[in-house]
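S.K.: Quick one, coords-v3.cif (mmCIF, C-alpha atoms):
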```
data_upload
loop_
_atom_site.label_atom_id
_atom_site.label_comp_id
_atom_site.auth_asym_id
_atom_site.auth_seq_id
_atom_site.Cartn_x
_atom_site.Cartn_y
_atom_site.Cartn_z
CA MET W 1 -1.72 -15.63 25.67
CA CYS W 2 -2.74 -14.42 29.11
CA GLY W 3 -2.29 -10.90 30.35
CA ALA W 4 -0.63 -7.98 28.64
CA THR W 5 3.08 -7.43 29.19
CA ALA W 6 3.89 -3.89 30.21
CA GLY W 7 6.66 -2.05 28.41
CA GLY W 8 7.53 -2.01 24.75
CA VAL W 9 8.93 -4.56 22.39
CA SER W 10 12.70 -5.01 22.18
CA LEU W 11 14.61 -2.11 20.69
CA GLU W 12 17.53 -4.32 19.75
CA GLY W 13 18.92 -3.29 16.39
CA VAL W 14 17.24 0.12 16.46
CA ASN W 15 19.46 3.18 16.61
CA VAL W 16 17.30 5.01 19.13
CA ALA W 17 19.61 8.03 19.16
CA LYS W 18 18.67 8.96 15.59
CA GLU W 19 15.04 7.85 15.63
CA SER W 20 11.89 9.36 17.14
CA VAL W 21 10.16 6.19 18.22
CA ILE W 22 6.50 5.97 19.22
CA GLN W 23 5.45 2.55 20.44
CA GLY W 24 3.05 0.91 22.82
CA ILE W 25 0.41 -1.69 23.44
CA VAL W 26 -3.31 -2.03 22.80
CA THR W 27 -5.32 -3.79 25.49
CA ARG W 28 -8.91 -4.75 26.22
CA GLY W 29 -9.19 -5.20 29.97
CA ASP W 30 -5.96 -6.98 30.91
CA GLU W 31 -5.61 -8.73 27.57
CA PRO W 32 -3.47 -7.58 24.68
CA VAL W 33 -5.34 -6.99 21.40
CA GLY W 34 -3.46 -8.66 18.57
CA ASN W 35 -5.84 -7.75 15.76
CA ALA W 36 -6.07 -3.98 16.15
CA TYR W 37 -4.87 -1.37 13.68
CA VAL W 38 -3.03 1.72 14.89
CA ARG W 39 -2.89 4.76 12.61
CA LEU W 40 -0.40 7.59 13.05
CA LEU W 41 -1.89 10.98 12.19
CA ASP W 42 0.25 14.10 11.89
CA ARG W 43 -0.30 17.45 13.62
CA THR W 44 -2.96 18.39 11.05
CA GLY W 45 -4.80 15.10 11.47
CA GLU W 46 -3.44 13.76 8.19
CA PHE W 47 -2.80 10.03 7.96
CA THR W 48 0.92 9.21 8.03
CA ALA W 49 1.18 5.50 8.72
CA GLU W 50 -0.69 2.48 10.01
CA VAL W 51 0.42 -0.81 11.53
CA PRO W 52 -1.42 -3.91 12.75
CA THR W 53 -0.65 -4.85 16.33
CA SER W 54 1.48 -7.92 17.01
CA VAL W 55 0.04 -10.96 18.79
CA THR W 56 1.24 -9.33 22.01
CA GLY W 57 -0.73 -6.17 21.17
CA HIS W 58 2.37 -4.10 20.45
CA PHE W 59 2.96 -1.49 17.76
CA ARG W 60 5.83 0.82 16.80
CA PHE W 61 6.38 3.85 14.58
CA PHE W 62 9.51 5.64 13.50
CA ALA W 63 8.15 9.18 13.44
CA ALA W 64 9.71 12.63 13.42
CA PRO W 65 9.90 14.97 16.39
CA GLY W 66 6.55 16.65 17.04
CA GLU W 67 2.96 16.10 18.04
CA TRP W 68 1.09 13.10 16.67
CA THR W 69 -2.22 11.35 17.18
CA LEU W 70 -2.60 7.58 17.43
CA ARG W 71 -5.96 6.33 16.14
CA THR W 72 -6.76 2.74 17.09
CA LEU W 73 -9.32 0.61 15.27
CA ALA W 74 -10.24 -2.86 16.51
CA PRO W 75 -13.08 -5.33 15.92
CA LYS W 76 -16.14 -4.64 18.03
CA ALA W 77 -14.63 -1.49 19.58
CA ASP W 78 -15.02 2.24 19.22
CA VAL W 79 -12.22 4.22 17.63
CA VAL W 80 -9.72 5.52 20.22
CA ASP W 81 -7.60 8.64 19.58
CA LYS W 82 -4.56 9.46 21.77
CA LYS W 83 -2.14 12.35 21.40
CA VAL W 84 1.61 11.75 21.77
CA VAL W 85 4.75 13.86 21.44
CA ALA W 86 7.78 12.27 19.76
CA GLN W 87 11.36 13.39 20.39
CA GLN W 88 14.51 12.29 18.67
CA GLY W 89 16.55 9.98 20.84
CA THR W 90 13.65 8.99 23.09
CA VAL W 91 10.99 6.30 22.95
CA ALA W 92 7.46 7.53 23.56
CA GLU W 93 5.47 4.69 25.15
CA VAL W 94 1.70 4.79 24.71
CA ALA W 95 -0.86 2.49 26.31
CA VAL W 96 -4.16 2.26 24.43
CA ALA W 97 -7.17 0.76 26.17
CA ILE W 98 -10.18 -0.11 24.01
CA MET K 99 -14.47 0.98 -16.22
CA SER K 100 -16.81 0.57 -13.30
CA ARG K 101 -16.33 -0.48 -9.71
CA GLU K 102 -18.01 -3.83 -10.32
CA THR K 103 -15.35 -4.87 -12.82
CA VAL K 104 -12.35 -4.03 -10.61
CA LEU K 105 -13.58 -4.37 -7.00
CA VAL K 106 -15.40 -7.00 -4.98
CA ASN K 107 -16.65 -6.78 -1.43
CA ALA K 108 -16.21 -9.26 1.42
CA ASP K 109 -19.67 -10.79 0.95
CA TRP K 110 -18.82 -11.62 -2.66
CA VAL K 111 -15.60 -13.27 -1.56
CA GLU K 112 -17.40 -15.35 1.07
CA GLN K 113 -19.86 -16.52 -1.59
CA HIS K 114 -17.01 -17.62 -3.88
CA LEU K 115 -14.66 -19.29 -1.39
CA ASP K 116 -15.20 -22.68 -3.03
CA ASP K 117 -15.28 -21.51 -6.65
CA PRO K 118 -12.35 -23.22 -8.41
CA LYS K 119 -12.05 -20.45 -11.00
CA VAL K 120 -11.65 -17.76 -8.35
CA VAL K 121 -8.12 -17.48 -6.95
CA LEU K 122 -7.60 -15.44 -3.81
CA ILE K 123 -4.08 -14.06 -3.38
CA GLU K 124 -2.86 -12.21 -0.27
CA VAL K 125 -0.02 -9.72 -0.73
CA ASP K 126 1.22 -7.85 2.34
CA GLU K 127 3.94 -5.41 3.16
CA ASP K 128 4.45 -7.52 6.29
CA THR K 129 5.22 -10.76 4.48
CA THR K 130 4.48 -12.80 7.62
CA ALA K 131 0.87 -11.59 7.92
CA TYR K 132 -0.46 -14.47 5.80
CA ASP K 133 1.13 -16.96 8.15
CA LYS K 134 -0.89 -15.53 11.06
CA GLY K 135 -4.15 -16.45 9.30
CA HIS K 136 -5.63 -15.71 5.89
CA ILE K 137 -8.89 -16.00 4.00
CA LYS K 138 -9.78 -19.62 3.34
CA GLY K 139 -8.22 -20.88 0.12
CA ALA K 140 -6.00 -17.85 -0.35
CA ILE K 141 -2.42 -18.26 -1.55
CA LYS K 142 0.38 -15.86 -0.74
CA PHE K 143 2.69 -13.75 -2.87
CA ASP K 144 5.76 -12.34 -1.16
CA TRP K 145 6.37 -8.95 -2.77
CA THR K 146 10.05 -8.96 -1.77
CA THR K 147 10.81 -12.24 -3.55
CA ASP K 148 7.92 -12.99 -5.94
CA LEU K 149 7.40 -9.48 -7.31
CA GLN K 150 10.96 -8.11 -7.40
CA ASP K 151 13.85 -9.24 -9.56
CA GLN K 152 16.35 -10.71 -7.10
CA VAL K 153 19.46 -9.37 -8.83
CA ARG K 154 18.84 -6.00 -10.40
CA ARG K 155 16.31 -3.44 -9.18
CA ASP K 156 13.32 -4.07 -11.43
CA ALA K 157 9.94 -5.66 -11.71
CA VAL K 158 9.99 -9.37 -12.47
CA ASN K 159 9.93 -9.92 -16.21
CA LYS K 160 7.30 -11.67 -18.30
CA ASP K 161 8.91 -15.10 -17.95
CA GLN K 162 9.36 -14.71 -14.20
CA PHE K 163 5.74 -13.62 -13.82
CA SER K 164 4.56 -16.58 -15.92
CA ALA K 165 6.62 -18.94 -13.79
CA LEU K 166 5.25 -17.43 -10.57
CA LEU K 167 1.64 -17.89 -11.61
CA SER K 168 2.25 -21.35 -13.08
CA LYS K 169 3.93 -22.52 -9.90
CA ASN K 170 1.03 -21.22 -7.83
CA GLY K 171 -1.64 -22.85 -9.96
CA VAL K 172 -3.14 -19.72 -11.51
CA SER K 173 -4.56 -19.98 -15.03
CA ASN K 174 -4.91 -17.24 -17.62
CA ASP K 175 -8.71 -17.45 -17.44
CA ASP K 176 -8.99 -17.46 -13.64
CA THR K 177 -10.64 -14.63 -11.75
CA VAL K 178 -7.91 -13.33 -9.46
CA ILE K 179 -8.94 -11.54 -6.27
CA LEU K 180 -6.13 -9.67 -4.54
CA TYR K 181 -6.18 -8.45 -0.97
CA GLY K 182 -3.68 -7.49 1.70
CA GLY K 183 -2.80 -5.34 4.64
CA ASN K 184 -1.94 -1.65 4.68
CA ASN K 185 -5.22 -0.79 2.99
CA ASN K 186 -4.31 -2.94 -0.01
CA TRP K 187 -1.06 -1.13 -0.89
CA PHE K 188 0.76 -4.24 -1.97
CA ALA K 189 -2.37 -5.91 -3.26
CA ALA K 190 -2.78 -2.86 -5.52
CA TYR K 191 0.86 -3.21 -6.50
CA ALA K 192 0.20 -6.86 -7.46
CA TYR K 193 -2.97 -5.76 -9.29
CA TRP K 194 -0.87 -3.35 -11.34
CA TYR K 195 1.47 -6.26 -12.12
CA PHE K 196 -1.40 -8.43 -13.32
CA LYS K 197 -2.50 -5.59 -15.61
CA LEU K 198 1.09 -4.97 -16.72
CA TYR K 199 1.25 -8.56 -17.92
CA GLY K 200 -2.23 -8.57 -19.43
CA HIS K 201 -4.31 -10.69 -17.05
CA ASP K 202 -7.93 -10.09 -18.03
CA ASP K 203 -9.89 -10.78 -14.89
CA VAL K 204 -8.35 -9.36 -11.72
CA LYS K 205 -10.06 -7.49 -8.92
CA LEU K 206 -9.27 -6.05 -5.49
CA LEU K 207 -11.13 -6.94 -2.31
CA ASP K 208 -12.37 -3.53 -1.16
CA GLY K 209 -10.88 -2.76 2.26
CA GLY K 210 -8.44 -5.65 2.05
CA ARG K 211 -7.34 -7.62 5.04
CA LYS K 212 -8.08 -4.84 7.53
CA LYS K 213 -11.78 -4.54 6.71
CA TRP K 214 -12.05 -8.34 6.74
CA GLU K 215 -10.49 -8.43 10.22
CA LEU K 216 -12.45 -5.48 11.57
CA ASP K 217 -15.63 -7.26 10.43
CA SER K 218 -14.45 -10.31 12.46
CA ARG K 219 -14.65 -12.54 9.38
CA GLU K 220 -12.97 -15.93 9.39
CA LEU K 221 -9.22 -16.36 8.88
CA VAL K 222 -7.69 -19.84 8.65
CA ASP K 223 -4.23 -21.38 8.96
CA GLU K 224 -4.54 -24.09 6.32
CA ILE K 225 -2.37 -23.52 3.29
CA PRO K 226 -4.15 -24.63 0.10
CA THR K 227 -2.47 -26.72 -2.53
CA ARG K 228 -3.10 -25.79 -6.14
CA GLU K 229 -1.97 -27.89 -9.06
CA ALA K 230 0.63 -26.18 -11.20
CA THR K 231 -0.57 -24.62 -14.45
CA THR K 232 1.05 -23.29 -17.58
CA TYR K 233 0.47 -19.57 -17.34
CA THR K 234 1.51 -17.36 -20.24
CA ALA K 235 1.95 -13.67 -19.46
CA LYS K 236 1.57 -11.10 -22.26
CA GLU K 237 4.23 -8.56 -23.19
CA PRO K 238 4.37 -5.81 -20.54
CA ASP K 239 1.94 -2.95 -21.13
CA ASN K 240 4.24 0.01 -20.58
CA ASN K 241 1.28 2.34 -21.10
CA ILE K 242 0.75 1.93 -17.36
CA ARG K 243 4.42 2.10 -16.28
CA ALA K 244 6.53 5.28 -16.16
CA PHE K 245 10.32 5.29 -16.24
CA ARG K 246 12.67 7.95 -14.91
CA ASP K 247 13.35 9.85 -18.15
CA GLU K 248 9.65 10.26 -18.79
CA VAL K 249 9.19 11.50 -15.23
CA VAL K 250 11.89 14.17 -15.62
CA GLU K 251 10.32 15.25 -18.92
CA ALA K 252 6.90 15.38 -17.26
CA ILE K 253 7.90 18.20 -14.89
CA GLY K 254 5.60 21.11 -15.65
CA VAL K 255 4.04 19.19 -18.56
CA LYS K 256 2.04 16.28 -17.14
CA ASN K 257 0.28 15.84 -13.83
CA LEU K 258 2.66 14.43 -11.27
CA VAL K 259 0.89 13.06 -8.21
CA ASP K 260 3.06 12.39 -5.18
CA VAL K 261 1.01 10.09 -2.98
CA ARG K 262 3.34 9.97 0.03
CA SER K 263 2.51 11.59 3.34
CA PRO K 264 2.91 15.39 3.62
CA ASP K 265 6.09 14.99 5.70
CA GLU K 266 7.71 12.77 3.09
CA PHE K 267 6.59 15.17 0.32
CA ALA K 268 8.10 18.15 2.12
CA GLY K 269 11.33 16.31 2.85
CA ARG K 270 10.88 16.09 6.62
CA LEU K 271 10.79 12.27 6.39
CA LEU K 272 12.44 9.93 3.89
CA ALA K 273 10.16 6.94 4.38
CA PRO K 274 6.78 6.03 5.88
CA ALA K 275 6.78 6.56 9.62
CA HIS K 276 6.46 2.88 10.50
CA LEU K 277 9.70 2.01 8.73
CA PRO K 278 13.24 2.95 9.71
CA GLN K 279 14.47 6.07 7.98
CA GLU K 280 16.50 4.96 5.01
CA GLN K 281 16.48 4.71 1.21
CA ALA K 282 16.84 7.69 -1.16
CA GLN K 283 19.91 9.89 -0.98
CA ARG K 284 17.89 13.08 -0.90
CA ALA K 285 14.52 14.07 0.57
CA GLY K 286 11.84 16.19 -1.07
CA HIS K 287 9.64 15.87 -4.16
CA ILE K 288 9.61 16.27 -7.93
CA PRO K 289 8.94 19.90 -8.95
CA THR K 290 5.29 20.66 -9.81
CA ALA K 291 4.02 17.45 -8.17
CA ALA K 292 0.71 17.68 -6.34
CA ASN K 293 0.72 16.00 -2.94
CA VAL K 294 -2.36 13.80 -2.64
CA PRO K 295 -1.55 11.18 0.00
CA TRP K 296 -2.93 7.79 -1.02
CA SER K 297 -4.80 7.70 2.29
CA LYS K 298 -7.12 10.49 1.17
CA ALA K 299 -8.57 8.04 -1.34
CA ALA K 300 -9.52 5.55 1.36
CA ASN K 301 -11.87 5.47 4.30
CA ASP K 302 -10.55 4.56 7.77
CA ASP K 303 -11.59 0.94 7.19
CA GLY K 304 -9.52 0.78 4.01
CA THR K 305 -12.39 0.82 1.50
CA PHE K 306 -12.20 3.26 -1.39
CA LYS K 307 -14.12 6.51 -1.23
CA THR K 308 -16.91 7.14 -3.72
CA ASP K 309 -16.12 8.09 -7.31
CA GLU K 310 -17.57 11.54 -6.68
CA ASP K 311 -15.33 12.12 -3.66
CA LEU K 312 -12.30 10.81 -5.52
CA LYS K 313 -12.85 12.98 -8.58
CA LYS K 314 -13.25 16.03 -6.34
CA LEU K 315 -10.12 15.14 -4.36
CA TYR K 316 -7.79 15.09 -7.36
CA THR K 317 -9.48 17.98 -9.12
CA GLU K 318 -9.07 20.20 -6.04
CA ALA K 319 -5.42 19.12 -5.78
CA GLY K 320 -4.84 20.53 -9.24
CA VAL K 321 -4.98 17.45 -11.45
CA ASP K 322 -5.80 18.60 -14.98
CA TRP K 323 -7.88 15.79 -16.50
CA ASP K 324 -6.84 16.88 -20.02
CA LYS K 325 -3.23 16.00 -19.23
CA GLU K 326 -1.52 12.67 -18.75
CA THR K 327 -0.78 11.66 -15.16
CA ILE K 328 2.08 9.90 -13.41
CA ALA K 329 1.71 8.71 -9.81
CA TYR K 330 4.70 8.02 -7.59
CA CYS K 331 5.55 7.34 -3.96
CA ARG K 332 8.68 5.80 -2.40
CA ILE K 333 8.92 2.34 -3.99
CA GLY K 334 5.82 2.21 -6.17
CA GLU K 335 3.33 0.39 -4.00
CA ARG K 336 1.33 3.25 -2.51
CA SER K 337 1.30 4.84 -5.96
CA SER K 338 -0.20 1.58 -7.28
CA HIS K 339 -3.09 2.28 -4.92
CA THR K 340 -3.52 5.75 -6.46
CA TRP K 341 -2.93 4.37 -9.97
CA PHE K 342 -5.82 1.97 -9.24
CA VAL K 343 -8.02 4.89 -8.20
CA LEU K 344 -7.19 7.06 -11.21
CA HIS K 345 -6.90 4.40 -13.92
CA GLU K 346 -9.36 1.76 -12.78
CA LEU K 347 -12.00 3.53 -10.67
CA LEU K 348 -12.05 6.94 -12.36
CA GLY K 349 -11.16 5.58 -15.79
CA ASP K 350 -8.28 7.96 -16.56
CA ARG K 351 -6.50 5.69 -19.04
CA SER K 352 -3.48 8.01 -19.28
CA THR K 353 -2.33 7.35 -15.72
CA LYS K 354 0.99 5.56 -15.24
CA ASN K 355 2.64 4.24 -12.11
CA TYR K 356 6.29 5.25 -11.61
CA ASP K 357 7.52 2.22 -9.70
CA GLY K 358 11.07 3.56 -9.45
CA SER K 359 9.48 6.33 -7.40
CA TRP K 360 11.34 8.41 -4.83
CA THR K 361 14.00 5.81 -4.03
CA GLU K 362 15.13 6.15 -7.65
CA TYR K 363 14.40 9.84 -8.29
CA GLY K 364 15.83 10.97 -4.96
CA SER K 365 19.10 9.22 -5.73
CA LEU K 366 19.60 10.53 -9.29
CA ILE K 367 22.43 12.95 -9.97
CA GLY K 368 21.42 16.39 -11.14
CA VAL K 369 17.62 16.22 -11.25
CA PRO K 370 15.64 19.07 -9.69
CA ILE K 371 14.12 18.58 -6.24
CA VAL K 372 11.78 20.80 -4.26
CA LEU K 373 11.73 20.92 -0.46
CA GLY K 374 8.74 22.11 1.52
CA ASP K 375 4.99 21.87 1.22
CA GLU K 376 4.51 23.71 -2.10
CA PRO K 377 4.69 21.91 -5.48
CA GLY K 378 7.38 24.29 -6.74
CA GLU K 379 8.17 25.61 -10.21
CA ALA K 380 9.21 23.67 -13.33
#
```
Translate the structure of the given file into C-alpha cells.

M.R.:
Amino acid sequence: MCGATAGGVSLEGVNVAKESVIQGIVTRGDEPVGNAYVRLLDRTGEFTAEVPTSVTGHFRFFAAPGEWTLRTLAPKADVVDKKVVAQQGTVAEVAVAI
Amino acid sequence: MSRETVLVNADWVEQHLDDPKVVLIEVDEDTTAYDKGHIKGAIKFDWTTDLQDQVRRDAVNKDQFSALLSKNGVSNDDTVILYGGNNNWFAAYAYWYFKLYGHDDVKLLDGGRKKWELDSRELVDEIPTREATTYTAKEPDNNIRAFRDEVVEAIGVKNLVDVRSPDEFAGRLLAPAHLPQEQAQRAGHIPTAANVPWSKAANDDGTFKTDEDLKKLYTEAGVDWDKETIAYCRIGERSSHTWFVLHELLGDRSTKNYDGSWTEYGSLIGVPIVLGDEPGEA
C-alpha cells in the first residue's frame, strides 16, 4: 500500500447524529501505519479504550462529548499523545504522525 | 499460584513454537485479527461463535466445549497458550473457559498480541492443520462463575469489582468507547461496587503489573481480602482479565467472574442501580 489516504474511513451505517465519533489515521512519513495501537484516555488520563489501526492506518472511537487524549503506540516509535475534543453529532478527525 | 504457572512470555513462546504438546490459540475481540497474521502454529477461536451458545445467551456447555477442542486438535494433556488483542481480554475470557471446564495446563501469553507486535516479532499467514482429538471436558466449575441471583445477594456483602471504564461505571457510557453505544437497557453500576478498570492492572504494552502493584491497587480500591469477590464488566470478557489477576496471579480463590455482567444486570427489572462515580449504598 503506497501513501496514506487523507480523510476518515466510511461512516456508512453509523448514526453520526447520536454518536461522538473520534477517528483518524496514523502515519510514518507519508505511509499509513497498520500495526499501531491507539488508546483513548479520558479527561483524567484514565484508559477508556484501545484499537489497533487498520491496514490503511485508520482508527475510530465512539466516545462521549468532552476532552480526550489519544495515545499511540507503534513498533520502533516513541509514544505520541494528542488531545481531541469530541462532540455529539460531529466527527473529530485526528492525524497522528509517529 | 505463581506467575510461572499461569503466564508465559514471548521468548518462551518462541522457544516452543515447534513443540507438539504446546497449542497456541489466538482469541480476539476483532475476530478478523488472526486472518491478518498470527503467531506461527497458532489456531483461532472465534469468541462470537466458538465460545457463545448460538441460540440462548449462555456459555457453551461441556459437550460443546469438548467438541470445539476435539475439532481443533487439542488434547486434555496439552499445554494451551492463549493470546489475543485488546490486552488479552478475550484470551483471558477463553482462559476462564478452560478453567471452567477443568483443563489443567493453560497459560496466557503476557502482553498478548499487542506486545508481540510492538516487539516486531514474526506473524505468519499459514493456517496450521491439527488432527482431530477426543477431548473430554470436566463438569463446569461454578466456583469461578457468578450468576445474577448471587450478584444481587452480594450487594453490601461481598466485594463487587466493576472493571469497566469510569464513564461506563458512572452511567455516562453504556459500552466501551470503541463500540457503538448499545446493549443494556439502563446505565450505571451495581450498588457498593468498587470501580477498578481492568486497564489499571496492565501496563501500556499489555503485560500485567507486578503482584505488589496489583495487591495495592485492589486494596486501595476497597477490596476486603477476607470477603468473597465477584468481578463484572459489560459482557464478561474484561472481567475475565480481572478474574485472572485476582484468582490466578494474586491467588484469591474466592473470586468469581459474572459473565452475564452489565448487559444482564442493566436489563433486569427491579434491581438497584447507582449512577455516578461513587459506589453507593446497599

S.K.: Between W:Leu11, W:Val84, W:Ile98, W:Leu73, which has the minimum distance to chain K (counting all atoms listed in the file)?

M.R.: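 Selected residue with least distance to chain K: W:Leu73.
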
S.K.: For chain W, work out the contacting residues on chain K at 10 Å, counting all atoms listed in the file, and write them as a ChimeraX atom specification.

M.R.: /K:128,131,134,183-185,212-219,262-266,270-271,273-279,295-298,302-303

S.K.: Got a sec to resolve the PyMOL selection byres ((chain W and resi 33) around 8) on this structure and send the residues as an mmCIF file with C-alpha atoms, in the coordinates of the input?

M.R.:
```cif
data_model
loop_
_atom_site.group_PDB
_atom_site.id
_atom_site.type_symbol
_atom_site.label_atom_id
_atom_site.label_comp_id
_atom_site.auth_asym_id
_atom_site.auth_seq_id
_atom_site.Cartn_x
_atom_site.Cartn_y
_atom_site.Cartn_z
ATOM 1 C CA VAL W 26 -3.310 -2.030 22.800
ATOM 2 C CA THR W 27 -5.320 -3.790 25.490
ATOM 3 C CA ARG W 28 -8.910 -4.750 26.220
ATOM 4 C CA GLU W 31 -5.610 -8.730 27.570
ATOM 5 C CA PRO W 32 -3.470 -7.580 24.680
ATOM 6 C CA GLY W 34 -3.460 -8.660 18.570
ATOM 7 C CA ASN W 35 -5.840 -7.750 15.760
ATOM 8 C CA ALA W 36 -6.070 -3.980 16.150
ATOM 9 C CA THR W 53 -0.650 -4.850 16.330
ATOM 10 C CA VAL W 55 0.040 -10.960 18.790
ATOM 11 C CA THR W 56 1.240 -9.330 22.010
ATOM 12 C CA GLY W 57 -0.730 -6.170 21.170
#
```

S.K.: Which residues come within 10 Å of Phe267 of chain K, counting all atoms listed in the file, excluding same-chain residues fewer than 4 positions away, as a ChimeraX atom specification?

M.R.: /K:260-263,271-273,285-288,291-295,331-332,360,372-377

S.K.: Atom CA of Val369 of chain K to atom CA of Arg243 of chain K: how many Å, to one decimal?

M.R.: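 Separation of atom CA of Val369 of chain K and atom CA of Arg243 of chain K: 20.0 Å.
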
S.K.: How would you write, as JSON, numbers by chain, the residues chosen by the PyMOL selection byres ((chain K and resi 110) around 12) on this structure?

M.R.: {"K": [102, 105, 106, 107, 108, 109, 111, 112, 113, 114, 115, 116, 117, 120, 122, 179, 205, 206, 207, 208]}
